>>> print(open('final-v1.pdb').read())   # PDB, C-alpha atoms
ATOM      1  CA  MET A   9       4.534  18.937 -11.957
ATOM      2  CA  ASN A  10       3.521  16.210 -14.360
ATOM      3  CA  TRP A  11       0.274  14.609 -13.123
ATOM      4  CA  HIS A  12      -0.712  11.088 -14.106
ATOM      5  CA  GLU A  13      -4.362  10.001 -13.952
ATOM      6  CA  VAL A  14      -5.648   6.456 -13.526
ATOM      7  CA  ARG A  15      -9.401   5.902 -13.755
ATOM      8  CA  LEU A  16     -10.767   3.061 -11.651
ATOM      9  CA  ASP A  17     -13.219   1.951 -14.326
ATOM     10  CA  GLU A  18     -10.367   1.454 -16.817
ATOM     11  CA  VAL A  19      -8.370  -0.922 -14.585
ATOM     12  CA  PHE A  20      -8.841  -4.684 -14.806
ATOM     13  CA  ALA A  21      -9.976  -6.383 -11.569
ATOM     14  CA  THR A  22      -7.823  -9.288 -10.378
ATOM     15  CA  PRO A  23      -9.824 -11.890  -8.410
ATOM     16  CA  TRP A  24      -8.360 -13.031  -5.104
ATOM     17  CA  LYS A  25      -7.167 -16.616  -4.717
ATOM     18  CA  ASN A  26      -9.520 -17.093  -1.735
ATOM     19  CA  GLY A  27     -12.559 -15.962  -3.762
ATOM     20  CA  GLY A  28     -13.474 -13.225  -1.269
ATOM     21  CA  GLY A  29     -13.056 -10.263  -3.597
ATOM     22  CA  SER A  30     -10.854  -8.573  -6.166
ATOM     23  CA  THR A  31      -8.266  -5.805  -6.457
ATOM     24  CA  ARG A  32      -7.723  -3.082  -9.043
ATOM     25  CA  GLU A  33      -4.175  -1.772  -8.939
ATOM     26  CA  LEU A  34      -4.056   1.969  -9.644
ATOM     27  CA  LEU A  35      -0.349   2.518  -9.043
ATOM     28  CA  ALA A  36       2.728   0.346  -8.607
ATOM     29  CA  TRP A  37       5.811   2.557  -8.485
ATOM     30  CA  PRO A  38       8.552   2.494  -9.658
ATOM     31  CA  HIS A  39       7.786  -0.861 -11.312
ATOM     32  CA  ARG A  40       4.800  -3.194 -11.175
ATOM     33  CA  ASP A  41       6.910  -6.232 -10.215
ATOM     34  CA  ASN A  42       9.232  -4.400  -7.814
ATOM     35  CA  TRP A  43       7.183  -1.635  -6.252
ATOM     36  CA  THR A  44       7.978   0.697  -3.390
ATOM     37  CA  VAL A  45       4.530   2.334  -3.476
ATOM     38  CA  ARG A  46       1.328   0.526  -4.404
ATOM     39  CA  ALA A  47      -2.192   1.995  -4.404
ATOM     40  CA  SER A  48      -5.249  -0.117  -5.139
ATOM     41  CA  ILE A  49      -8.994  -0.442  -4.709
ATOM     42  CA  ALA A  50     -10.300  -3.668  -3.191
ATOM     43  CA  ASP A  51     -13.825  -4.982  -3.623
ATOM     44  CA  VAL A  52     -14.342  -7.072  -0.478
ATOM     45  CA  GLU A  53     -17.278  -9.447  -0.896
ATOM     46  CA  ALA A  54     -16.738 -12.006   1.906
ATOM     47  CA  ASN A  55     -15.207 -12.281   5.363
ATOM     48  CA  GLY A  56     -11.670 -13.629   5.444
ATOM     49  CA  PRO A  57      -7.980 -13.011   6.053
ATOM     50  CA  PHE A  58      -5.929 -10.295   4.388
ATOM     51  CA  SER A  59      -2.925 -11.332   2.333
ATOM     52  CA  GLU A  60       0.276 -10.885   4.277
ATOM     53  CA  PHE A  61       2.959  -8.509   2.963
ATOM     54  CA  ALA A  62       6.019  -8.835   5.212
ATOM     55  CA  GLY A  63       8.150  -5.686   5.310
ATOM     56  CA  VAL A  64       5.285  -3.503   4.056
ATOM     57  CA  THR A  65       3.418  -0.717   5.842
ATOM     58  CA  ARG A  66      -0.268  -0.739   4.920
ATOM     59  CA  TRP A  67      -2.829   2.052   5.017
ATOM     60  CA  PHE A  68      -6.498   1.082   4.665
ATOM     61  CA  ALA A  69      -9.623   3.242   4.204
ATOM     62  CA  VAL A  70     -13.235   2.240   3.522
ATOM     63  CA  LEU A  71     -14.702   4.035   0.497
ATOM     64  CA  SER A  72     -18.230   2.587   0.339
ATOM     65  CA  GLY A  73     -20.444  -0.012   1.968
ATOM     66  CA  GLU A  74     -21.336  -0.553   5.624
ATOM     67  CA  GLY A  75     -17.721  -0.992   6.673
ATOM     68  CA  VAL A  76     -15.459  -3.660   8.110
ATOM     69  CA  LYS A  77     -14.055  -4.876  11.385
ATOM     70  CA  LEU A  78     -10.376  -5.704  11.142
ATOM     71  CA  HIS A  79      -9.172  -8.166  13.767
ATOM     72  CA  MET A  80      -5.428  -8.156  14.426
ATOM     73  CA  SER A  81      -3.636  -9.458  17.505
ATOM     74  CA  ALA A  82      -5.956  -8.687  20.408
ATOM     75  CA  GLN A  83      -7.404  -5.579  18.755
ATOM     76  CA  GLU A  84     -10.493  -4.891  16.679
ATOM     77  CA  HIS A  85     -10.767  -1.844  14.426
ATOM     78  CA  ALA A  86     -14.217  -0.892  13.118
ATOM     79  CA  LEU A  87     -13.897   1.206   9.948
ATOM     80  CA  ARG A  88     -16.601   2.863   7.876
ATOM     81  CA  ALA A  89     -16.551   5.296   4.973
ATOM     82  CA  GLY A  90     -15.161   8.512   6.434
ATOM     83  CA  SER A  91     -13.225   6.795   9.259
ATOM     84  CA  ALA A  92      -9.602   7.826   9.559
ATOM     85  CA  PRO A  93      -7.362   5.565   7.453
ATOM     86  CA  LEU A  94      -5.772   2.787   9.480
ATOM     87  CA  ARG A  95      -2.014   2.159   9.384
ATOM     88  CA  PHE A  96      -0.743  -1.329  10.208
ATOM     89  CA  ASP A  97       2.035  -3.851   9.587
ATOM     90  CA  GLY A  98       1.451  -5.627   6.282
ATOM     91  CA  GLY A  99       2.985  -8.792   7.712
ATOM     92  CA  ALA A 100       0.445  -8.990  10.544
ATOM     93  CA  ASN A 101      -2.323 -11.573  10.636
ATOM     94  CA  VAL A 102      -5.452  -9.560   9.828
ATOM     95  CA  ASP A 103      -8.935 -11.008   9.569
ATOM     96  CA  CYS A 104     -11.632  -8.914   7.885
ATOM     97  CA  GLU A 105     -15.292  -9.085   8.907
ATOM     98  CA  LEU A 106     -17.874  -7.257   6.789
ATOM     99  CA  MET A 107     -20.357  -5.245   8.862
ATOM    100  CA  GLY A 108     -23.265  -5.452   6.435
ATOM    101  CA  GLY A 109     -22.314  -6.483   2.929
ATOM    102  CA  ALA A 110     -19.620  -5.822   0.393
ATOM    103  CA  THR A 111     -17.293  -2.811   0.662
ATOM    104  CA  GLN A 112     -14.876  -0.945  -1.563
ATOM    105  CA  ASP A 113     -11.641   0.008   0.146
ATOM    106  CA  PHE A 114      -8.532   2.020  -0.689
ATOM    107  CA  ASN A 115      -5.167   0.420   0.078
ATOM    108  CA  LEU A 116      -1.811   2.186   0.141
ATOM    109  CA  MET A 117       1.201  -0.099   0.633
ATOM    110  CA  LEU A 118       4.721   1.178   1.262
ATOM    111  CA  ARG A 119       7.878  -0.926   1.082
ATOM    112  CA  GLY A 120      11.091   0.616   2.421
ATOM    113  CA  CYS A 121       9.730   4.146   2.581
ATOM    114  CA  GLU A 122       7.627   6.408   4.780
ATOM    115  CA  GLY A 123       4.339   8.052   3.968
ATOM    116  CA  LYS A 124       0.861   8.896   5.123
ATOM    117  CA  LEU A 125      -2.712   8.517   3.887
ATOM    118  CA  GLU A 126      -5.334  10.962   5.139
ATOM    119  CA  HIS A 127      -8.813  12.262   4.402
ATOM    120  CA  ALA A 128      -9.097  15.698   2.858
ATOM    121  CA  ASN A 129     -12.258  17.771   2.662
ATOM    122  CA  GLY A 130     -12.884  21.378   1.618
ATOM    123  CA  ARG A 131      -9.939  23.602   0.699
ATOM    124  CA  ASN A 132      -6.527  22.107   1.406
ATOM    125  CA  GLU A 133      -2.940  23.257   1.125
ATOM    126  CA  ARG A 134       0.010  20.890   1.307
ATOM    127  CA  THR A 135       3.702  21.707   1.151
ATOM    128  CA  CYS A 136       5.362  18.774  -0.584
ATOM    129  CA  ARG A 137       9.046  17.914  -0.426
ATOM    130  CA  LYS A 138      11.171  17.537  -3.535
ATOM    131  CA  GLY A 139      11.215  13.919  -4.708
ATOM    132  CA  SER A 140       8.021  12.962  -2.871
ATOM    133  CA  LEU A 141       5.381  10.891  -4.596
ATOM    134  CA  VAL A 142       2.001  12.524  -3.954
ATOM    135  CA  GLY A 143      -1.470  11.388  -4.882
ATOM    136  CA  VAL A 144      -5.133  12.204  -4.477
ATOM    137  CA  TYR A 145      -8.080   9.848  -4.983
ATOM    138  CA  SER A 146     -11.742  10.744  -4.758
ATOM    139  CA  HIS A 147     -14.343   8.035  -4.949
ATOM    140  CA  ASP A 148     -17.481  10.162  -5.185
ATOM    141  CA  HIS A 149     -16.467  13.748  -6.028
ATOM    142  CA  GLU A 150     -14.208  15.600  -8.436
ATOM    143  CA  VAL A 151     -11.055  17.219  -7.102
ATOM    144  CA  ALA A 152      -9.751  20.556  -8.387
ATOM    145  CA  PHE A 153      -6.170  21.447  -7.558
ATOM    146  CA  ARG A 154      -3.390  23.812  -8.491
ATOM    147  CA  ALA A 155       0.318  23.016  -8.454
ATOM    148  CA  VAL A 156       3.075  25.069 -10.083
ATOM    149  CA  GLU A 157       0.432  27.330 -11.628
ATOM    150  CA  VAL A 158      -1.226  24.394 -13.386
ATOM    151  CA  ARG A 159      -4.900  23.776 -12.620
ATOM    152  CA  VAL A 160      -6.056  20.162 -12.787
ATOM    153  CA  VAL A 161      -9.563  18.761 -12.289
ATOM    154  CA  ILE A 162      -9.927  15.035 -11.834
ATOM    155  CA  PRO A 163     -13.267  13.247 -11.998
ATOM    156  CA  PRO A 164     -14.591  10.853  -9.353
ATOM    157  CA  ARG A 165     -13.042   7.365  -9.161
ATOM    158  CA  THR A 166      -9.707   8.638 -10.434
ATOM    159  CA  LEU A 167      -6.248   8.630  -8.888
ATOM    160  CA  ALA A 168      -3.987  11.558  -9.779
ATOM    161  CA  TRP A 169      -0.346  11.216  -8.787
ATOM    162  CA  SER A 170       2.981  12.940  -9.402
ATOM    163  CA  ILE A 171       6.621  13.006  -8.353
ATOM    164  CA  VAL A 172       7.309  16.466  -6.906
ATOM    165  CA  PRO A 173      10.205  18.048  -8.895
ATOM    166  CA  THR A 174      11.017  20.780  -6.319
ATOM    167  CA  ASN A 175       9.610  21.774  -2.950
ATOM    168  CA  GLU A 176       6.085  22.736  -3.983
ATOM    169  CA  ARG A 177       2.811  23.894  -2.566
ATOM    170  CA  VAL A 178      -0.279  22.051  -3.773
ATOM    171  CA  ASP A 179      -3.700  23.626  -3.233
ATOM    172  CA  PHE A 180      -6.827  21.571  -3.791
ATOM    173  CA  ALA A 181     -10.535  21.569  -3.072
ATOM    174  CA  THR A 182     -12.822  18.577  -2.721
ATOM    175  CA  GLN A 183     -16.011  17.417  -1.079
ATOM    176  CA  GLY A 184     -14.075  14.362   0.075
ATOM    177  CA  ALA A 185     -10.866  12.665  -1.062
ATOM    178  CA  LEU A 186      -7.879  10.699   0.138
ATOM    179  CA  TRP A 187      -4.463  12.380  -0.026
ATOM    180  CA  PHE A 188      -1.097  10.655   0.311
ATOM    181  CA  GLU A 189       2.507  11.760   0.310
ATOM    182  CA  VAL A 190       5.375   9.275   0.279
ATOM    183  CA  GLN A 191       9.107   9.896   0.642
ATOM    184  CA  PRO A 192      10.650   7.086  -1.474
TER     185      PRO A 192
END
>>> encode(input="final-v1.pdb", output="structure tokens")
Amino acid sequence: MNWHEVRLDEVFATPWKNGGGSTRELLAWPHRDNWTVRASIADVEANGPFSEFAGVTRWFAVLSGEGVKLHMSAQEHALRAGSAPLRFDGGANVDCELMGGATQDFNLMLRGCEGKLEHANGRNERTCRKGSLVGVYSHDHEVAFRAVEVRVVIPPRTLAWSIVPTNERVDFATQGALWFEVQP
């Protein structure tokens, strides 16, 4: 497997039009302007609405800060660092309320494909399907993993991602990371 690494600190932050924060895009696949999979880190500095992405499935996880309350329809979702990632319709009206100051959040957006974002801690083993796009991001800890007899260690605040060439087993260890697998 050929692993690509994107370090958060090397990605330019794009300010939001509403002035409430900024986004650093870590991955837009297969093309930045016509993506199927997009992973980013958002710095949320003020309460306000999320941008709407019709036809997109969104996954959202708080990385740092006191957390957020996401208001959508008649539901409220309180999320903190370590809470299970939340999946929702990217076209929904979502209002974000900070629970105690700015947060950093991980966003995974999927257009026309299926996938999942989940927390991983300790030793993990994943069986990945051929053609899947897989990725791991750790905000605070390094991640050591082995795939196809290649050992890779990624530092904190780095996304590592790959397209799985054949059905593969990926073993990794971390003190806390986010793992995703997408079937484009």
>>> residues_around(input="final-v1.pdb", residues="Arg154 (chain A)", least_positions_apart="6", cutoff="10 Å", atoms="all atoms listed in the file", output="PyMOL selection string")
chain A and resi 9+133+160-161+177-181
>>> resolve_selection(input="final-v1.pdb", expression="the PyMOL selection byres ((chain A and resi 111-119) around 9)", output="PyMOL selection string")
chain A and resi 43-53+61+63-76+89+93+98+106+108-110+120-125+145+186+188+190+192
>>> closest_residue(input="final-v1.pdb", among="A:Asp41, A:Ala82, A:Val102, A:Val19", to="Asn55 (chain A)", atoms="only C-alpha atoms")
A:Val102
>>> atom_distance(input="final-v1.pdb", atom1="CA of Lys25 (chain A)", atom2="CA of Pro57 (chain A)")
11.4 Å
>>> closest_residue(input="final-v1.pdb", among="A:Glu176, A:Glu33, A:Glu189, A:Asp97", to="Glu18 (chain A)", atoms="only C-alpha atoms")
A:Glu33
>>> atom_distance(input="final-v1.pdb", atom1="CA of Ile162 (chain A)", atom2="CA of Thr174 (chain A)")
22.4 Å
>>> residues_around(input="final-v1.pdb", residues="Gly139 (chain A)", least_positions_apart="4", cutoff="6 Å", atoms="all atoms listed in the file", output="JSON, numbers by chain")
{"A": [171, 172, 173]}
>>> atom_distance(input="final-v1.pdb", atom1="CA of Thr22 (chain A)", atom2="CA of Phe58 (chain A)")
14.9 Å
>>> resolve_selection(input="final-v1.pdb", expression="the PyMOL selection byres ((chain A and resi 144) around 7)", output="PyMOL selection string")
chain A and resi 143+145-146+167-169+185-188
>>> resolve_selection(input="final-v1.pdb", expression="the PyMOL selection byres ((chain A and resi 104) around 6)", output="list in words")
Asn55, Gly56, Pro57, Lys77, Leu78, Asp103 and Glu105 of chain A
>>> closest_residue(input="final-v1.pdb", among="A:Ala128, A:Ala86, A:Ala62, A:Val158", to="Gln183 (chain A)", atoms="all atoms listed in the file")
A:Ala128
>>> residues_around(input="final-v1.pdb", residues="Glu60 (chain A)", least_positions_apart="5", cutoff="7 Å", atoms="only C-alpha atoms", output="list of chain:residue names")
A:Gly98, A:Gly99, A:Ala100, A:Asn101
>>> closest_residue(input="final-v1.pdb", among="A:Val151, A:Ala21, A:Leu141, A:Leu16", to="Thr166 (chain A)", atoms="only C-alpha atoms")
A:Leu16
>>> decode(input="final-v1.pdb", residues="region 93-112 of chain A", atoms="N, CA and C atoms", output="PDB file, in the first residue's frame")
ATOM      1  N   PRO A  93     -18.147   9.841  16.725  1.00  0.00           N
ATOM      2  CA  PRO A  93     -18.419  10.720  15.585  1.00  0.00           C
ATOM      3  C   PRO A  93     -19.892  10.675  15.205  1.00  0.00           C
ATOM      4  N   LEU A  94     -20.409  11.813  14.802  1.00  0.00           N
ATOM      5  CA  LEU A  94     -21.813  11.941  14.428  1.00  0.00           C
ATOM      6  C   LEU A  94     -21.946  11.933  12.912  1.00  0.00           C
ATOM      7  N   ARG A  95     -22.865  11.121  12.411  1.00  0.00           N
ATOM      8  CA  ARG A  95     -23.175  11.051  10.982  1.00  0.00           C
ATOM      9  C   ARG A  95     -24.479  11.807  10.751  1.00  0.00           C
ATOM     10  N   PHE A  96     -24.517  12.652   9.714  1.00  0.00           N
ATOM     11  CA  PHE A  96     -25.746  13.365   9.401  1.00  0.00           C
ATOM     12  C   PHE A  96     -25.760  13.797   7.938  1.00  0.00           C
ATOM     13  N   ASP A  97     -26.941  14.215   7.487  1.00  0.00           N
ATOM     14  CA  ASP A  97     -27.152  14.664   6.116  1.00  0.00           C
ATOM     15  C   ASP A  97     -26.508  16.027   5.935  1.00  0.00           C
ATOM     16  N   GLY A  98     -25.593  16.144   4.991  1.00  0.00           N
ATOM     17  CA  GLY A  98     -24.906  17.400   4.741  1.00  0.00           C
ATOM     18  C   GLY A  98     -25.802  18.507   4.227  1.00  0.00           C
ATOM     19  N   GLY A  99     -27.002  18.159   3.745  1.00  0.00           N
ATOM     20  CA  GLY A  99     -27.938  19.154   3.277  1.00  0.00           C
ATOM     21  C   GLY A  99     -28.874  19.665   4.368  1.00  0.00           C
ATOM     22  N   ALA A 100     -28.762  19.097   5.562  1.00  0.00           N
ATOM     23  CA  ALA A 100     -29.634  19.500   6.671  1.00  0.00           C
ATOM     24  C   ALA A 100     -29.233  20.871   7.210  1.00  0.00           C
ATOM     25  N   ASN A 101     -30.210  21.565   7.779  1.00  0.00           N
ATOM     26  CA  ASN A 101     -29.933  22.812   8.483  1.00  0.00           C
ATOM     27  C   ASN A 101     -29.354  22.457   9.847  1.00  0.00           C
ATOM     28  N   VAL A 102     -28.100  22.827  10.071  1.00  0.00           N
ATOM     29  CA  VAL A 102     -27.415  22.507  11.322  1.00  0.00           C
ATOM     30  C   VAL A 102     -26.884  23.799  11.914  1.00  0.00           C
ATOM     31  N   ASP A 103     -27.222  24.039  13.170  1.00  0.00           N
ATOM     32  CA  ASP A 103     -26.712  25.208  13.874  1.00  0.00           C
ATOM     33  C   ASP A 103     -25.757  24.715  14.958  1.00  0.00           C
ATOM     34  N   CYS A 104     -24.598  25.330  15.039  1.00  0.00           N
ATOM     35  CA  CYS A 104     -23.550  24.918  15.974  1.00  0.00           C
ATOM     36  C   CYS A 104     -23.456  25.918  17.131  1.00  0.00           C
ATOM     37  N   GLU A 105     -23.494  25.387  18.342  1.00  0.00           N
ATOM     38  CA  GLU A 105     -23.344  26.201  19.550  1.00  0.00           C
ATOM     39  C   GLU A 105     -22.119  25.709  20.318  1.00  0.00           C
ATOM     40  N   LEU A 106     -21.149  26.589  20.520  1.00  0.00           N
ATOM     41  CA  LEU A 106     -19.961  26.223  21.296  1.00  0.00           C
ATOM     42  C   LEU A 106     -20.339  26.072  22.762  1.00  0.00           C
ATOM     43  N   MET A 107     -19.761  25.083  23.438  1.00  0.00           N
ATOM     44  CA  MET A 107     -20.098  24.835  24.841  1.00  0.00           C
ATOM     45  C   MET A 107     -19.111  25.483  25.804  1.00  0.00           C
ATOM     46  N   GLY A 108     -18.159  26.234  25.323  1.00  0.00           N
ATOM     47  CA  GLY A 108     -17.208  26.853  26.243  1.00  0.00           C
ATOM     48  C   GLY A 108     -15.968  27.359  25.538  1.00  0.00           C
ATOM     49  N   GLY A 109     -16.106  27.882  24.372  1.00  0.00           N
ATOM     50  CA  GLY A 109     -14.957  28.397  23.632  1.00  0.00           C
ATOM     51  C   GLY A 109     -14.725  27.636  22.358  1.00  0.00           C
ATOM     52  N   ALA A 110     -13.695  28.057  21.659  1.00  0.00           N
ATOM     53  CA  ALA A 110     -13.367  27.500  20.347  1.00  0.00           C
ATOM     54  C   ALA A 110     -13.094  25.996  20.413  1.00  0.00           C
ATOM     55  N   THR A 111     -13.354  25.313  19.299  1.00  0.00           N
ATOM     56  CA  THR A 111     -13.056  23.882  19.178  1.00  0.00           C
ATOM     57  C   THR A 111     -12.322  23.624  17.867  1.00  0.00           C
ATOM     58  N   GLN A 112     -11.650  22.491  17.821  1.00  0.00           N
ATOM     59  CA  GLN A 112     -11.135  21.951  16.560  1.00  0.00           C
ATOM     60  C   GLN A 112     -11.888  20.665  16.323  1.00  0.00           C
TER      61      GLN A 112
END
